[in-house]
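Asks: One file: start-v5.cif (mmCIF, C-alpha atoms).
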data_work
#
loop_
_atom_site.label_atom_id
_atom_site.label_comp_id
_atom_site.auth_asym_id
_atom_site.auth_seq_id
_atom_site.Cartn_x
_atom_site.Cartn_y
_atom_site.Cartn_z
CA MET A 1 -31.14 233.63 -0.73
CA ALA A 2 -33.37 235.02 -3.48
CA ASP A 3 -31.33 233.19 -6.14
CA ASP A 4 -31.50 229.94 -4.15
CA THR A 5 -35.26 230.30 -3.80
CA ALA A 6 -35.67 230.92 -7.53
CA LEU A 7 -33.51 227.91 -8.40
CA THR A 8 -35.50 225.71 -6.03
CA GLU A 9 -38.73 226.85 -7.69
CA ARG A 10 -37.32 226.14 -11.16
CA ARG A 11 -36.26 222.67 -10.11
CA ALA A 12 -39.73 221.98 -8.72
CA ALA A 13 -41.30 223.14 -11.99
CA ALA A 14 -38.85 220.95 -13.94
CA SER A 15 -39.92 217.95 -11.87
CA VAL A 16 -43.56 218.61 -12.77
CA ALA A 17 -42.65 219.07 -16.45
CA GLU A 18 -40.57 215.87 -16.48
CA SER A 19 -43.41 213.84 -14.99
CA LEU A 20 -45.87 215.23 -17.56
CA ALA A 21 -43.45 214.63 -20.46
CA ARG A 22 -42.88 211.04 -19.38
CA GLY A 23 -46.64 210.52 -19.17
CA ALA A 24 -47.06 212.00 -22.63
CA GLY A 25 -44.36 209.65 -23.89
CA GLU A 26 -46.24 206.68 -22.49
CA ILE A 27 -49.34 207.83 -24.38
CA LEU A 28 -47.33 208.13 -27.60
CA MET A 29 -45.99 204.62 -27.20
CA THR A 30 -49.52 203.22 -26.98
CA TRP A 31 -49.94 204.49 -30.55
CA TRP A 32 -46.56 203.23 -31.80
CA ASP A 33 -47.02 201.08 -34.91
CA ARG A 34 -50.79 201.21 -34.41
CA LEU A 35 -51.86 204.28 -36.40
CA ALA A 36 -54.70 203.67 -38.82
CA ALA A 37 -55.13 205.68 -42.02
CA GLY A 38 -57.72 207.92 -40.38
CA ASP A 39 -55.36 208.72 -37.49
CA VAL A 40 -52.97 210.72 -39.72
CA THR A 41 -53.85 214.03 -41.42
CA SER A 42 -51.93 216.91 -43.00
CA LYS A 43 -51.84 220.53 -41.88
CA SER A 44 -50.47 223.37 -44.04
CA ALA A 45 -48.31 221.11 -46.21
CA ASP A 46 -48.44 217.46 -47.23
CA ARG A 47 -45.34 216.74 -45.15
CA ASP A 48 -46.68 218.62 -42.08
CA LEU A 49 -48.51 215.77 -40.40
CA VAL A 50 -50.60 215.56 -37.26
CA THR A 51 -51.76 212.30 -35.73
CA ALA A 52 -54.16 211.14 -33.08
CA ALA A 53 -51.06 210.47 -30.99
CA ASP A 54 -50.01 214.16 -31.16
CA LEU A 55 -53.44 215.24 -29.98
CA ALA A 56 -53.65 212.72 -27.13
CA SER A 57 -50.16 213.67 -25.91
CA GLU A 58 -51.00 217.37 -26.02
CA ARG A 59 -54.24 216.90 -24.07
CA HIS A 60 -52.27 215.15 -21.33
CA LEU A 61 -49.71 217.98 -21.15
CA LEU A 62 -52.34 220.72 -21.18
CA ASP A 63 -54.46 219.09 -18.49
CA GLY A 64 -51.44 218.59 -16.27
CA LEU A 65 -50.14 222.13 -16.60
CA ARG A 66 -53.56 223.68 -16.09
CA SER A 67 -53.91 221.68 -12.90
CA ALA A 68 -50.41 222.45 -11.59
CA TYR A 69 -50.08 226.06 -12.79
CA PRO A 70 -53.53 227.52 -13.52
CA ALA A 71 -52.18 231.11 -13.67
CA ASP A 72 -49.63 230.34 -16.37
CA ALA A 73 -50.12 230.70 -20.12
CA VAL A 74 -49.49 227.92 -22.63
CA LEU A 75 -48.49 227.90 -26.30
CA ALA A 76 -48.96 224.43 -27.77
CA GLU A 77 -48.23 223.33 -31.33
CA GLU A 78 -51.62 221.83 -32.10
CA SER A 79 -54.05 223.90 -30.00
CA GLY A 80 -52.34 227.30 -30.06
CA ALA A 81 -52.21 229.82 -27.21
CA ALA A 82 -54.21 229.86 -23.99
CA GLY A 83 -54.05 231.93 -20.82
CA ALA A 84 -53.58 235.58 -19.93
CA THR A 85 -51.01 237.61 -21.86
CA ASP A 86 -49.66 238.95 -18.55
CA ALA A 87 -49.24 235.48 -17.03
CA PRO A 88 -46.14 235.02 -14.85
CA HIS A 89 -44.85 232.19 -17.02
CA VAL A 90 -45.49 230.82 -20.51
CA TRP A 91 -45.14 227.12 -21.31
CA TYR A 92 -44.20 226.03 -24.84
CA LEU A 93 -45.28 222.51 -25.75
CA ASP A 94 -44.53 220.19 -28.62
CA PRO A 95 -46.42 216.98 -27.83
CA LEU A 96 -44.70 215.03 -30.61
CA ASP A 97 -41.65 216.50 -32.29
CA GLY A 98 -40.80 214.29 -35.25
CA THR A 99 -44.30 213.30 -36.33
CA VAL A 100 -43.10 212.06 -39.73
CA ASN A 101 -40.58 209.86 -37.91
CA PHE A 102 -43.38 208.58 -35.70
CA VAL A 103 -45.59 207.71 -38.66
CA HIS A 104 -42.69 205.83 -40.28
CA ARG A 105 -41.70 204.14 -36.99
CA LEU A 106 -38.31 205.83 -36.67
CA PRO A 107 -37.23 206.27 -33.04
CA MET A 108 -36.16 209.95 -33.11
CA VAL A 109 -39.37 211.37 -31.65
CA ALA A 110 -39.63 213.67 -28.65
CA VAL A 111 -41.95 215.37 -26.22
CA SER A 112 -40.68 218.92 -25.69
CA VAL A 113 -41.75 221.09 -22.74
CA ALA A 114 -40.26 224.48 -21.90
CA ARG A 115 -41.20 227.29 -19.56
CA LEU A 116 -40.36 230.93 -20.30
CA THR A 117 -40.09 233.56 -17.59
CA ASP A 118 -39.59 237.18 -18.65
CA GLY A 119 -39.20 235.93 -22.21
CA GLN A 120 -36.34 233.50 -21.48
CA PRO A 121 -36.53 229.73 -21.01
CA ASP A 122 -35.80 228.68 -17.44
CA VAL A 123 -37.19 225.11 -17.40
CA ALA A 124 -36.77 222.50 -20.14
CA VAL A 125 -37.57 218.84 -20.68
CA VAL A 126 -37.00 216.84 -23.87
CA HIS A 127 -38.19 213.25 -23.48
CA LEU A 128 -37.43 210.59 -26.11
CA PRO A 129 -39.88 207.82 -25.23
CA ARG A 130 -38.73 205.27 -27.78
CA LEU A 131 -35.15 205.56 -26.48
CA SER A 132 -36.06 205.92 -22.77
CA GLU A 133 -34.02 209.13 -22.55
CA THR A 134 -35.09 212.23 -20.63
CA PHE A 135 -33.13 215.49 -20.88
CA VAL A 136 -33.81 218.13 -18.22
CA ALA A 137 -32.43 221.64 -17.69
CA VAL A 138 -33.10 224.53 -15.33
CA ARG A 139 -31.54 227.94 -15.82
CA GLY A 140 -28.56 228.23 -13.49
CA GLY A 141 -28.82 224.58 -12.51
CA GLY A 142 -27.26 222.66 -15.40
CA ALA A 143 -28.56 220.03 -17.81
CA THR A 144 -28.87 216.28 -17.37
CA LEU A 145 -29.70 213.10 -19.29
CA ASN A 146 -31.43 210.52 -17.09
CA GLY A 147 -29.86 212.32 -14.14
CA ARG A 148 -26.30 212.50 -15.51
CA PRO A 149 -24.73 215.95 -16.11
CA LEU A 150 -24.27 217.06 -19.73
CA ARG A 151 -21.58 219.07 -21.51
CA VAL A 152 -21.39 220.11 -25.13
CA SER A 153 -18.49 218.80 -27.20
CA THR A 154 -15.05 220.39 -27.38
CA ALA A 155 -15.07 220.61 -31.20
CA GLN A 156 -13.84 223.98 -32.46
CA ALA A 157 -13.40 223.56 -36.21
CA PRO A 158 -16.02 222.45 -38.76
CA ARG A 159 -13.65 219.82 -40.21
CA GLU A 160 -13.83 217.88 -36.91
CA ALA A 161 -17.55 218.39 -36.35
CA LEU A 162 -20.57 216.16 -36.78
CA LEU A 163 -23.44 218.52 -37.58
CA ALA A 164 -27.20 218.22 -37.79
CA THR A 165 -29.81 220.26 -39.62
CA GLY A 166 -33.31 220.03 -41.03
CA PHE A 167 -35.44 221.40 -43.83
CA PRO A 168 -38.82 223.16 -43.70
CA TYR A 169 -42.04 221.42 -44.68
CA ARG A 170 -42.79 224.17 -47.23
CA ARG A 171 -39.36 223.95 -48.84
CA HIS A 172 -40.74 224.16 -52.39
CA HIS A 173 -42.27 227.57 -51.61
CA LEU A 174 -39.50 229.21 -49.57
CA LYS A 175 -36.57 231.10 -51.05
CA GLU A 176 -34.45 230.32 -47.98
CA ASN A 177 -35.04 226.59 -47.66
CA ASN A 178 -31.61 225.77 -46.11
CA LEU A 179 -30.31 223.91 -49.16
CA GLU A 180 -27.73 226.62 -49.92
CA ASN A 181 -26.44 226.48 -46.33
CA PHE A 182 -26.20 222.69 -46.60
CA ASN A 183 -24.19 223.03 -49.81
CA ARG A 184 -21.87 225.64 -48.28
CA LEU A 185 -21.02 223.32 -45.38
CA PHE A 186 -20.97 220.07 -47.35
CA LEU A 187 -17.18 219.97 -47.90
CA HIS A 188 -16.20 221.59 -44.59
CA GLN A 189 -17.31 219.10 -41.94
CA ARG A 190 -16.92 215.51 -40.74
CA GLY A 191 -20.54 214.63 -41.37
CA ILE A 192 -24.08 215.97 -41.46
CA ARG A 193 -27.10 214.21 -40.01
CA ARG A 194 -30.77 214.95 -40.61
CA MET A 195 -32.74 213.37 -37.75
CA GLY A 196 -36.16 214.94 -38.33
CA SER A 197 -36.63 216.33 -34.81
CA ALA A 198 -35.13 219.66 -33.78
CA ALA A 199 -35.73 218.96 -30.09
CA SER A 200 -33.84 215.66 -30.36
CA ASP A 201 -31.02 217.32 -32.30
CA LEU A 202 -30.58 220.05 -29.71
CA ALA A 203 -30.64 217.50 -26.89
CA SER A 204 -27.91 215.57 -28.73
CA VAL A 205 -25.83 218.76 -29.01
CA ALA A 206 -26.21 219.28 -25.26
CA ALA A 207 -25.00 215.70 -24.73
CA GLY A 208 -21.97 216.17 -27.01
CA ARG A 209 -23.20 213.49 -29.43
CA LEU A 210 -23.64 216.08 -32.14
CA ASP A 211 -21.23 218.99 -32.26
CA ALA A 212 -23.63 221.62 -33.60
CA PHE A 213 -27.08 222.11 -35.09
CA TRP A 214 -28.60 224.76 -37.33
CA GLU A 215 -31.98 225.16 -39.00
CA LEU A 216 -34.35 227.74 -40.48
CA HIS A 217 -38.12 228.29 -40.16
CA LEU A 218 -38.47 226.74 -36.74
CA SER A 219 -41.24 227.48 -34.24
CA PRO A 220 -40.78 228.36 -30.56
CA TRP A 221 -42.08 225.00 -29.33
CA ASP A 222 -39.43 223.29 -31.52
CA VAL A 223 -36.45 225.01 -29.91
CA ALA A 224 -37.22 226.55 -26.50
CA ALA A 225 -36.51 223.41 -24.47
CA GLY A 226 -33.59 222.14 -26.53
CA GLY A 227 -31.97 225.56 -26.62
CA LEU A 228 -31.90 225.79 -22.83
CA LEU A 229 -30.40 222.29 -22.66
CA VAL A 230 -27.53 223.45 -24.87
CA GLU A 231 -26.98 226.66 -22.90
CA GLU A 232 -26.95 224.84 -19.56
CA ALA A 233 -24.51 222.28 -21.00
CA GLY A 234 -22.05 225.09 -21.74
CA GLY A 235 -22.98 225.80 -25.35
CA SER A 236 -24.01 228.84 -27.34
CA VAL A 237 -27.48 229.28 -28.85
CA ASP A 238 -28.22 232.16 -31.20
CA SER A 239 -30.00 233.12 -34.37
CA ILE A 240 -27.96 232.59 -37.53
CA SER A 241 -27.67 236.36 -37.87
CA PRO A 242 -25.92 237.27 -34.61
CA ASP A 243 -27.79 238.49 -31.53
CA GLY A 244 -31.28 237.79 -32.82
CA ASP A 245 -34.27 236.12 -31.20
CA TRP A 246 -33.53 232.41 -31.55
CA ILE A 247 -36.81 231.42 -29.91
CA HIS A 248 -39.19 233.42 -32.10
CA GLY A 249 -36.92 234.52 -34.97
CA ARG A 250 -37.24 231.24 -36.89
CA SER A 251 -33.51 230.54 -37.30
CA LEU A 252 -31.10 228.93 -34.87
CA ILE A 253 -27.52 227.75 -34.55
CA ALA A 254 -26.27 225.93 -31.45
CA GLY A 255 -23.08 224.28 -30.26
CA PRO A 256 -19.75 225.07 -28.61
CA PRO A 257 -19.23 228.87 -28.86
CA VAL A 258 -16.07 228.74 -31.02
CA LEU A 259 -17.62 226.25 -33.42
CA VAL A 260 -20.81 228.30 -33.71
CA GLU A 261 -18.82 231.31 -34.85
CA ALA A 262 -16.80 229.24 -37.33
CA LEU A 263 -19.95 227.76 -38.85
CA ARG A 264 -21.64 231.15 -38.98
CA ALA A 265 -18.74 232.50 -41.02
CA ILE A 266 -19.25 229.77 -43.64
#
Just give me the structure of the file as structure tokens.
Replies:
Amino acid sequence: MADDTALTERRAAASVAESLARGAGEILMTWWDRLAAGDVTSKSADRDLVTAADLASERHLLDGLRSAYPADAVLAEESGAAGATDAPHVWYLDPLDGTVNFVHRLPMVAVSVARLTDGQPDVAVVHLPRLSETFVAVRGGGATLNGRPLRVSTAQAPREALLATGFPYRRHHLKENNLENFNRLFLHQRGIRRMGSAASDLASVAAGRLDAFWELHLSPWDVAAGGLLVEEAGGSVDSISPDGDWIHGRSLIAGPPVLVEALRAI
């Protein structure tokens, strides 16, 4: 009974998160193809952009979560952390994953919302507003795309796999900028895609569209929701060095378990 009660609570929280993510997506779409020069600025690197759309989306998410769950803490990409350190749950928000895509009017943009309980994600929503796709997962309850159940692919060998990755904004200044990993895998796979949104990539792995995804120098709000989607779709999510902290450790590899181990070896 306790497990059923917990699952019911997670599903209720996922419903709230899905509604907020869809609302944030609607806000983003009001800015689509309408950004003026003054609406786009850079953060720590020239490629690390923030727009008025990011900020408006994040305000919507924060206001909604504070109203629904005032005792919970929140870690948001643009505004940082808020709430008590001993809060029962922590929400990780990326109001616009794929900001460079958004600025250039490419459709791979996402709103990513995840809740962590006892340090592990138990609620996840990745909403792709331009594609009208909403991915939802609850721990122990599976993962769905627009209500349809998801499973990761059955690929086991790199030679049959379509992979995805990304590169850090500060790639000129980082010794481990992922280019060596890209080169190692270049001749060992069916294809590699670089979509520009980690949340979208992980959602695509959960849906079996991509076979696996890896990347370095990611932040928790980039991966917490997408990682749970992959896990609940039957996949493996880990740090590139085995048994690390894939949420906070800034490296991640995800996909079918056998394929993850084969890629890790390369």
Asks: What would the selection look like, as a ChimeraX atom specification, if the PyMOL selection byres ((chain A and resi 134) around 9) were run on the coordinates I just shared?
Replies: /A:18,21-22,125-129,131-133,135-136,144-147
Asks: For the file shown, report as a ChimeraX atom specification the outcome of the PyMOL selection byres ((chain A and resi 158) around 10) at residue level.
Replies: /A:155-157,159-163,185,187-191,211-212,258-260,262-263,266
Asks: Please produce a file of the residues just selected, as a short mmCIF file (atom, residue, chain, number, x, y, z; two decimals), keeping the file's coordinate frame, where the atoms kept are C-alpha atoms.
Replies:
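Contents of result.cif, freshly written:
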data_model
loop_
_atom_site.label_atom_id
_atom_site.label_comp_id
_atom_site.auth_asym_id
_atom_site.auth_seq_id
_atom_site.Cartn_x
_atom_site.Cartn_y
_atom_site.Cartn_z
CA ALA A 155 -15.07 220.61 -31.20
CA GLN A 156 -13.84 223.98 -32.46
CA ALA A 157 -13.40 223.56 -36.21
CA ARG A 159 -13.65 219.82 -40.21
CA GLU A 160 -13.83 217.88 -36.91
CA ALA A 161 -17.55 218.39 -36.35
CA LEU A 162 -20.57 216.16 -36.78
CA LEU A 163 -23.44 218.52 -37.58
CA LEU A 185 -21.02 223.32 -45.38
CA LEU A 187 -17.18 219.97 -47.90
CA HIS A 188 -16.20 221.59 -44.59
CA GLN A 189 -17.31 219.10 -41.94
CA ARG A 190 -16.92 215.51 -40.74
CA GLY A 191 -20.54 214.63 -41.37
CA ASP A 211 -21.23 218.99 -32.26
CA ALA A 212 -23.63 221.62 -33.60
CA VAL A 258 -16.07 228.74 -31.02
CA LEU A 259 -17.62 226.25 -33.42
CA VAL A 260 -20.81 228.30 -33.71
CA ALA A 262 -16.80 229.24 -37.33
CA LEU A 263 -19.95 227.76 -38.85
CA ILE A 266 -19.25 229.77 -43.64
#
Asks: Would you mind telling me which residue in A:Asp72, A:Asp245, A:Asp54, A:Glu77 lies nearest to Asp222 (chain A) when using all atoms listed in the file?
Replies: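 Residue with the minimum atom-to-atom distance to Asp222 (chain A): A:Glu77.
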Asks: Name every residue that the PyMOL selection byres ((chain A and resi 62) around 10) selects in this structure, writing the answer as a PyMOL selection string with chains first and numbers rising.
Replies: chain A and resi 20+57-61+63-68+74-76+79+82+91+93+95
Asks: Quick one: everything within 6 Å of Val152 (chain A), counting all atoms listed in the file, minus sequence neighbours fewer than 6 positions away in the same chain. Send it as an MDAnalysis selection string.
Replies: chainID A and resid 206:208 233 235
Asks: Any chance you could export the current selection's C-alpha atoms as a compact mmCIF listing (two decimals), keeping the file's coordinate frame?
Replies:
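Full text of selection_8.txt as output:
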# COMPACT_ATOMS: atom_id res chain seq x y z
CA ALA A 206 -26.21 219.28 -25.26
CA ALA A 207 -25.00 215.70 -24.73
CA GLY A 208 -21.97 216.17 -27.01
CA ALA A 233 -24.51 222.28 -21.00
CA GLY A 235 -22.98 225.80 -25.35
Asks: Measure the distance from CA of Arg193 (chain A) to CA of Pro107 (chain A) in Å and round it to one decimal.
Replies: 14.6 Å
